[in-house]
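Everything below belongs to target07.pdb, which stores PDB, C-alpha atoms, pLDDT in the B column.
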```pdb
ATOM      1  CA  MET A   1     235.977 100.349 171.726  1.00 63.00           C
ATOM      2  CA  GLU A   2     232.845 102.436 172.072  1.00 87.00           C
ATOM      3  CA  ILE A   3     229.492 100.787 172.835  1.00 95.00           C
ATOM      4  CA  ARG A   4     226.712 102.010 170.543  1.00 97.00           C
ATOM      5  CA  ALA A   5     223.140 101.906 171.846  1.00 98.00           C
ATOM      6  CA  LEU A   6     219.628 102.439 170.559  1.00 98.00           C
ATOM      7  CA  VAL A   7     216.935 103.662 173.009  1.00 98.00           C
ATOM      8  CA  VAL A   8     213.265 103.030 172.168  1.00 98.00           C
ATOM      9  CA  ASP A   9     210.427 104.278 174.370  1.00 97.00           C
ATOM     10  CA  ASP A  10     207.177 106.058 173.517  1.00 96.00           C
ATOM     11  CA  ASN A  11     207.614 108.419 176.490  1.00 95.00           C
ATOM     12  CA  ARG A  12     209.811 111.336 175.409  1.00 96.00           C
ATOM     13  CA  ASP A  13     210.925 112.102 178.971  1.00 96.00           C
ATOM     14  CA  VAL A  14     211.958 108.509 179.695  1.00 94.00           C
ATOM     15  CA  ARG A  15     213.773 108.341 176.357  1.00 96.00           C
ATOM     16  CA  GLY A  16     215.597 111.600 177.081  1.00 96.00           C
ATOM     17  CA  VAL A  17     216.635 110.742 180.640  1.00 95.00           C
ATOM     18  CA  PHE A  18     217.732 107.219 179.672  1.00 96.00           C
ATOM     19  CA  THR A  19     219.758 108.620 176.762  1.00 97.00           C
ATOM     20  CA  GLU A  20     221.462 111.155 179.040  1.00 96.00           C
ATOM     21  CA  LEU A  21     222.281 108.509 181.652  1.00 95.00           C
ATOM     22  CA  LEU A  22     223.807 106.216 179.034  1.00 96.00           C
ATOM     23  CA  GLN A  23     225.864 109.079 177.616  1.00 96.00           C
ATOM     24  CA  LEU A  24     227.128 109.951 181.118  1.00 94.00           C
ATOM     25  CA  ALA A  25     228.254 106.319 181.341  1.00 93.00           C
ATOM     26  CA  LYS A  26     230.242 106.809 178.089  1.00 93.00           C
ATOM     27  CA  ILE A  27     227.809 104.766 175.990  1.00 95.00           C
ATOM     28  CA  SER A  28     227.108 106.357 172.629  1.00 97.00           C
ATOM     29  CA  VAL A  29     223.376 106.584 171.871  1.00 98.00           C
ATOM     30  CA  VAL A  30     223.288 106.395 168.081  1.00 98.00           C
ATOM     31  CA  GLY A  31     219.510 106.600 167.754  1.00 98.00           C
ATOM     32  CA  THR A  32     216.174 106.825 169.524  1.00 98.00           C
ATOM     33  CA  GLY A  33     212.729 105.653 168.527  1.00 97.00           C
ATOM     34  CA  ILE A  34     209.132 105.709 169.719  1.00 97.00           C
ATOM     35  CA  ASN A  35     207.852 102.217 168.825  1.00 97.00           C
ATOM     36  CA  GLY A  36     208.837  98.706 167.767  1.00 97.00           C
ATOM     37  CA  ARG A  37     208.596  99.451 164.052  1.00 98.00           C
ATOM     38  CA  GLU A  38     211.043 102.352 164.392  1.00 98.00           C
ATOM     39  CA  ALA A  39     213.301 100.126 166.503  1.00 98.00           C
ATOM     40  CA  ALA A  40     213.555  97.536 163.720  1.00 98.00           C
ATOM     41  CA  SER A  41     214.186 100.170 161.060  1.00 98.00           C
ATOM     42  CA  LEU A  42     216.810 101.975 163.145  1.00 98.00           C
ATOM     43  CA  TYR A  43     218.514  98.690 164.021  1.00 98.00           C
ATOM     44  CA  GLU A  44     218.876  97.729 160.358  1.00 97.00           C
ATOM     45  CA  ARG A  45     220.265 101.153 159.497  1.00 97.00           C
ATOM     46  CA  LEU A  46     222.500 101.838 162.509  1.00 97.00           C
ATOM     47  CA  HIS A  47     223.636  98.362 163.686  1.00 96.00           C
ATOM     48  CA  PRO A  48     223.968  99.274 167.395  1.00 97.00           C
ATOM     49  CA  ASP A  49     225.744  96.973 169.857  1.00 96.00           C
ATOM     50  CA  ILE A  50     222.733  96.990 172.202  1.00 97.00           C
ATOM     51  CA  VAL A  51     219.065  98.029 172.069  1.00 98.00           C
ATOM     52  CA  PHE A  52     217.096  99.187 175.114  1.00 97.00           C
ATOM     53  CA  MET A  53     213.381  98.969 174.314  1.00 96.00           C
ATOM     54  CA  ASP A  54     210.198  99.545 176.286  1.00 94.00           C
ATOM     55  CA  ALA A  55     207.845  96.554 176.243  1.00 91.00           C
ATOM     56  CA  MET A  56     204.569  98.469 176.077  1.00 89.00           C
ATOM     57  CA  MET A  57     204.190 101.104 173.366  1.00 92.00           C
ATOM     58  CA  PRO A  58     201.178 102.054 171.207  1.00 88.00           C
ATOM     59  CA  GLU A  59     200.740 100.485 167.760  1.00 90.00           C
ATOM     60  CA  TYR A  60     204.031  98.560 167.521  1.00 95.00           C
ATOM     61  CA  ASP A  61     205.174  97.385 170.947  1.00 93.00           C
ATOM     62  CA  GLY A  62     208.584  96.198 172.078  1.00 93.00           C
ATOM     63  CA  PHE A  63     207.700  92.566 171.383  1.00 91.00           C
ATOM     64  CA  TYR A  64     207.016  93.453 167.745  1.00 95.00           C
ATOM     65  CA  GLY A  65     210.329  95.331 167.595  1.00 96.00           C
ATOM     66  CA  LEU A  66     212.209  92.446 169.186  1.00 95.00           C
ATOM     67  CA  ASP A  67     210.727  89.944 166.707  1.00 94.00           C
ATOM     68  CA  LYS A  68     211.608  92.140 163.699  1.00 97.00           C
ATOM     69  CA  ILE A  69     215.135  92.812 164.950  1.00 97.00           C
ATOM     70  CA  ARG A  70     215.646  89.058 165.549  1.00 94.00           C
ATOM     71  CA  GLU A  71     214.439  88.327 161.984  1.00 95.00           C
ATOM     72  CA  HIS A  72     217.154  90.652 160.697  1.00 94.00           C
ATOM     73  CA  ASP A  73     219.846  89.607 163.204  1.00 95.00           C
ATOM     74  CA  PRO A  74     219.182  86.577 165.444  1.00 93.00           C
ATOM     75  CA  GLY A  75     222.211  87.472 167.574  1.00 93.00           C
ATOM     76  CA  ALA A  76     221.149  91.062 168.281  1.00 95.00           C
ATOM     77  CA  VAL A  77     221.476  92.228 171.888  1.00 95.00           C
ATOM     78  CA  VAL A  78     218.015  93.516 172.830  1.00 95.00           C
ATOM     79  CA  VAL A  79     217.139  94.487 176.394  1.00 94.00           C
ATOM     80  CA  ILE A  80     213.449  94.878 177.156  1.00 91.00           C
ATOM     81  CA  VAL A  81     212.693  97.540 179.771  1.00 90.00           C
ATOM     82  CA  SER A  82     209.252  97.270 181.340  1.00 85.00           C
ATOM     83  CA  GLY A  83     207.292  98.956 184.080  1.00 77.00           C
ATOM     84  CA  SER A  84     204.262  96.767 183.466  1.00 68.00           C
ATOM     85  CA  PHE A  85     203.541  93.532 185.231  1.00 58.00           C
ATOM     86  CA  ASN A  86     200.604  92.890 182.879  1.00 61.00           C
ATOM     87  CA  VAL A  87     203.035  91.457 180.324  1.00 61.00           C
ATOM     88  CA  GLU A  88     205.006  89.162 182.641  1.00 60.00           C
ATOM     89  CA  GLU A  89     204.078  85.987 180.723  1.00 63.00           C
ATOM     90  CA  ARG A  90     205.061  87.586 177.399  1.00 66.00           C
ATOM     91  CA  LEU A  91     208.335  88.776 178.944  1.00 62.00           C
ATOM     92  CA  ASP A  92     209.168  85.226 180.028  1.00 65.00           C
ATOM     93  CA  LYS A  93     208.702  83.933 176.472  1.00 73.00           C
ATOM     94  CA  CYS A  94     210.035  86.854 174.407  1.00 79.00           C
ATOM     95  CA  ASN A  95     213.666  85.730 173.978  1.00 82.00           C
ATOM     96  CA  ALA A  96     215.102  89.110 174.974  1.00 87.00           C
ATOM     97  CA  SER A  97     218.798  89.244 175.843  1.00 90.00           C
ATOM     98  CA  ALA A  98     217.786  90.675 179.233  1.00 87.00           C
ATOM     99  CA  ILE A  99     214.769  92.214 180.932  1.00 86.00           C
ATOM    100  CA  LEU A 100     215.058  95.262 183.183  1.00 88.00           C
ATOM    101  CA  PRO A 101     212.312  96.784 185.336  1.00 85.00           C
ATOM    102  CA  LYS A 102     211.286 100.422 185.365  1.00 86.00           C
ATOM    103  CA  PRO A 103     212.150 102.759 186.926  1.00 88.00           C
ATOM    104  CA  ILE A 104     215.605 102.650 185.375  1.00 89.00           C
ATOM    105  CA  ASP A 105     218.367 101.598 187.768  1.00 91.00           C
ATOM    106  CA  MET A 106     221.713 102.503 186.182  1.00 93.00           C
ATOM    107  CA  GLY A 107     223.573  99.977 188.329  1.00 92.00           C
ATOM    108  CA  LYS A 108     221.445  97.207 186.799  1.00 92.00           C
ATOM    109  CA  VAL A 109     221.710  98.729 183.324  1.00 94.00           C
ATOM    110  CA  MET A 110     225.496  98.846 183.520  1.00 93.00           C
ATOM    111  CA  ALA A 111     225.668  95.286 184.874  1.00 92.00           C
ATOM    112  CA  VAL A 112     223.656  94.136 181.840  1.00 92.00           C
ATOM    113  CA  VAL A 113     225.844  96.166 179.474  1.00 93.00           C
ATOM    114  CA  ASP A 114     228.939  94.690 181.110  1.00 91.00           C
ATOM    115  CA  ARG A 115     227.595  91.131 180.777  1.00 91.00           C
ATOM    116  CA  LEU A 116     226.185  91.419 177.240  1.00 91.00           C
ATOM    117  CA  CYS A 117     228.794  93.654 175.656  1.00 89.00           C
ATOM    118  CA  LEU A 118     231.850  92.171 177.395  1.00 68.00           C
ATOM    119  CA  GLY A 119     234.987  92.904 175.438  1.00 55.00           C
ATOM    120  CA  LYS A 120     233.493  95.898 173.614  1.00 47.00           C
ATOM    121  CA  ARG A 121     235.280  98.272 176.014  1.00 41.00           C
ATOM    122  CA  LYS A 122     238.096  97.891 178.493  1.00 38.00           C
ATOM    123  CA  GLU A 123     236.210  99.510 181.360  1.00 40.00           C
ATOM    124  CA  ILE A 124     232.551 100.191 181.988  1.00 36.00           C
ATOM    125  CA  PRO A 125     231.998 103.041 184.445  1.00 39.00           C
ATOM    126  CA  TYR A 126     229.259 102.540 187.032  1.00 36.00           C
ATOM    127  CA  LEU A 127     227.146 105.404 188.222  1.00 35.00           C
ATOM    128  CA  ALA A 128     226.544 105.773 191.947  1.00 32.00           C
TER     129      ALA A 128
END
```
Kindly present the structure from the file in structure tokens form.
Amino acid sequence: MEIRALVVDDNRDVRGVFTELLQLAKISVVGTGINGREAASLYERLHPDIVFMDAMMPEYDGFYGLDKIREHDPGAVVVIVSGSFNVEERLDKCNASAILPKPIDMGKVMAVVDRLCLGKRKEIPYLA
């Protein structure tokens, strides 16, 4: 079974590279967004298996998106990706399925996908 992902980051380059890396790992990126409000809207419309979302974004941050997604689906798999240590306390309390640091490490990403989406696919390829 195919794993369907949503990638949300306000930085177009990060969003593009992360999307390409997931696709190389045979994960279908069904949508991308630029803030937490878009994340919630896309989640409700697309019902992905996993959401990768930046913590810090202008206007509607990843914490807003996580809260709205959880209101819609308390069991949603939402991974917060953060390069900021200024939000460490919020990260500890945010109830994300997992938290990954930036820069993106595909070994860690795939380990999280493997753990959180177990049974969705027979084999998860790891990138070297």
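Checking A:Asp54, A:Asp67, A:Glu38, A:Asp105 one by one against Lys93 in chain A, counting all atoms listed in the file, you find the shortest gap at A:Asp67.
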Using all atoms of range 33-43 of chain A listed in the file and a margin of 6 Å per side, can you give the axis-aligned box centre and edge lengths in Å to one decimal, as JSON?
```
{"center_x": 213.2, "center_y": 101.6, "center_z": 165.4, "size_x": 22.7, "size_y": 20.2, "size_z": 20.7}
```
Atomic separation - CA of Leu22 in chain A relative to CA of Gly36 in chain A, Å: 20.2 Å
Target residues per the PyMOL selection byres ((chain A and resi 78) around 10), formatted as an MDAnalysis selection string: chainID A and resid 5:6 48:53 62 65:66 69:70 75:77 79:81 95:99 116
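Pairwise distance (CA of Leu100 in chain A, CA of Ser82 in chain A) equals 6.4 Å.
The coordinates place CA of Leu46 in chain A at 23.7 Å from CA of Met106 in chain A.
Distances from A:Val14, A:Ala55, A:Val112, A:Ile3 to Val30 in chain A were compared using all atoms listed in the file, and the smallest one belongs to A:Ile3.
The residue that comes closest to Arg37 in chain A, out of A:Val8, A:Ala25, A:Ile104, A:Met110 and on the basis of all atoms listed in the file, is A:Val8.
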Expected residue set, 10 Å radius at (212.2, 96.7, 158.0), all atoms listed in the file, as a PyMOL selection string: chain A and resi 37-45+65+68-69+71-72
Selected residue, from A:Val7, A:Cys94, A:Met57, A:Val17, that lies nearest to Thr32 in chain A when counting only C-alpha atoms: A:Val7
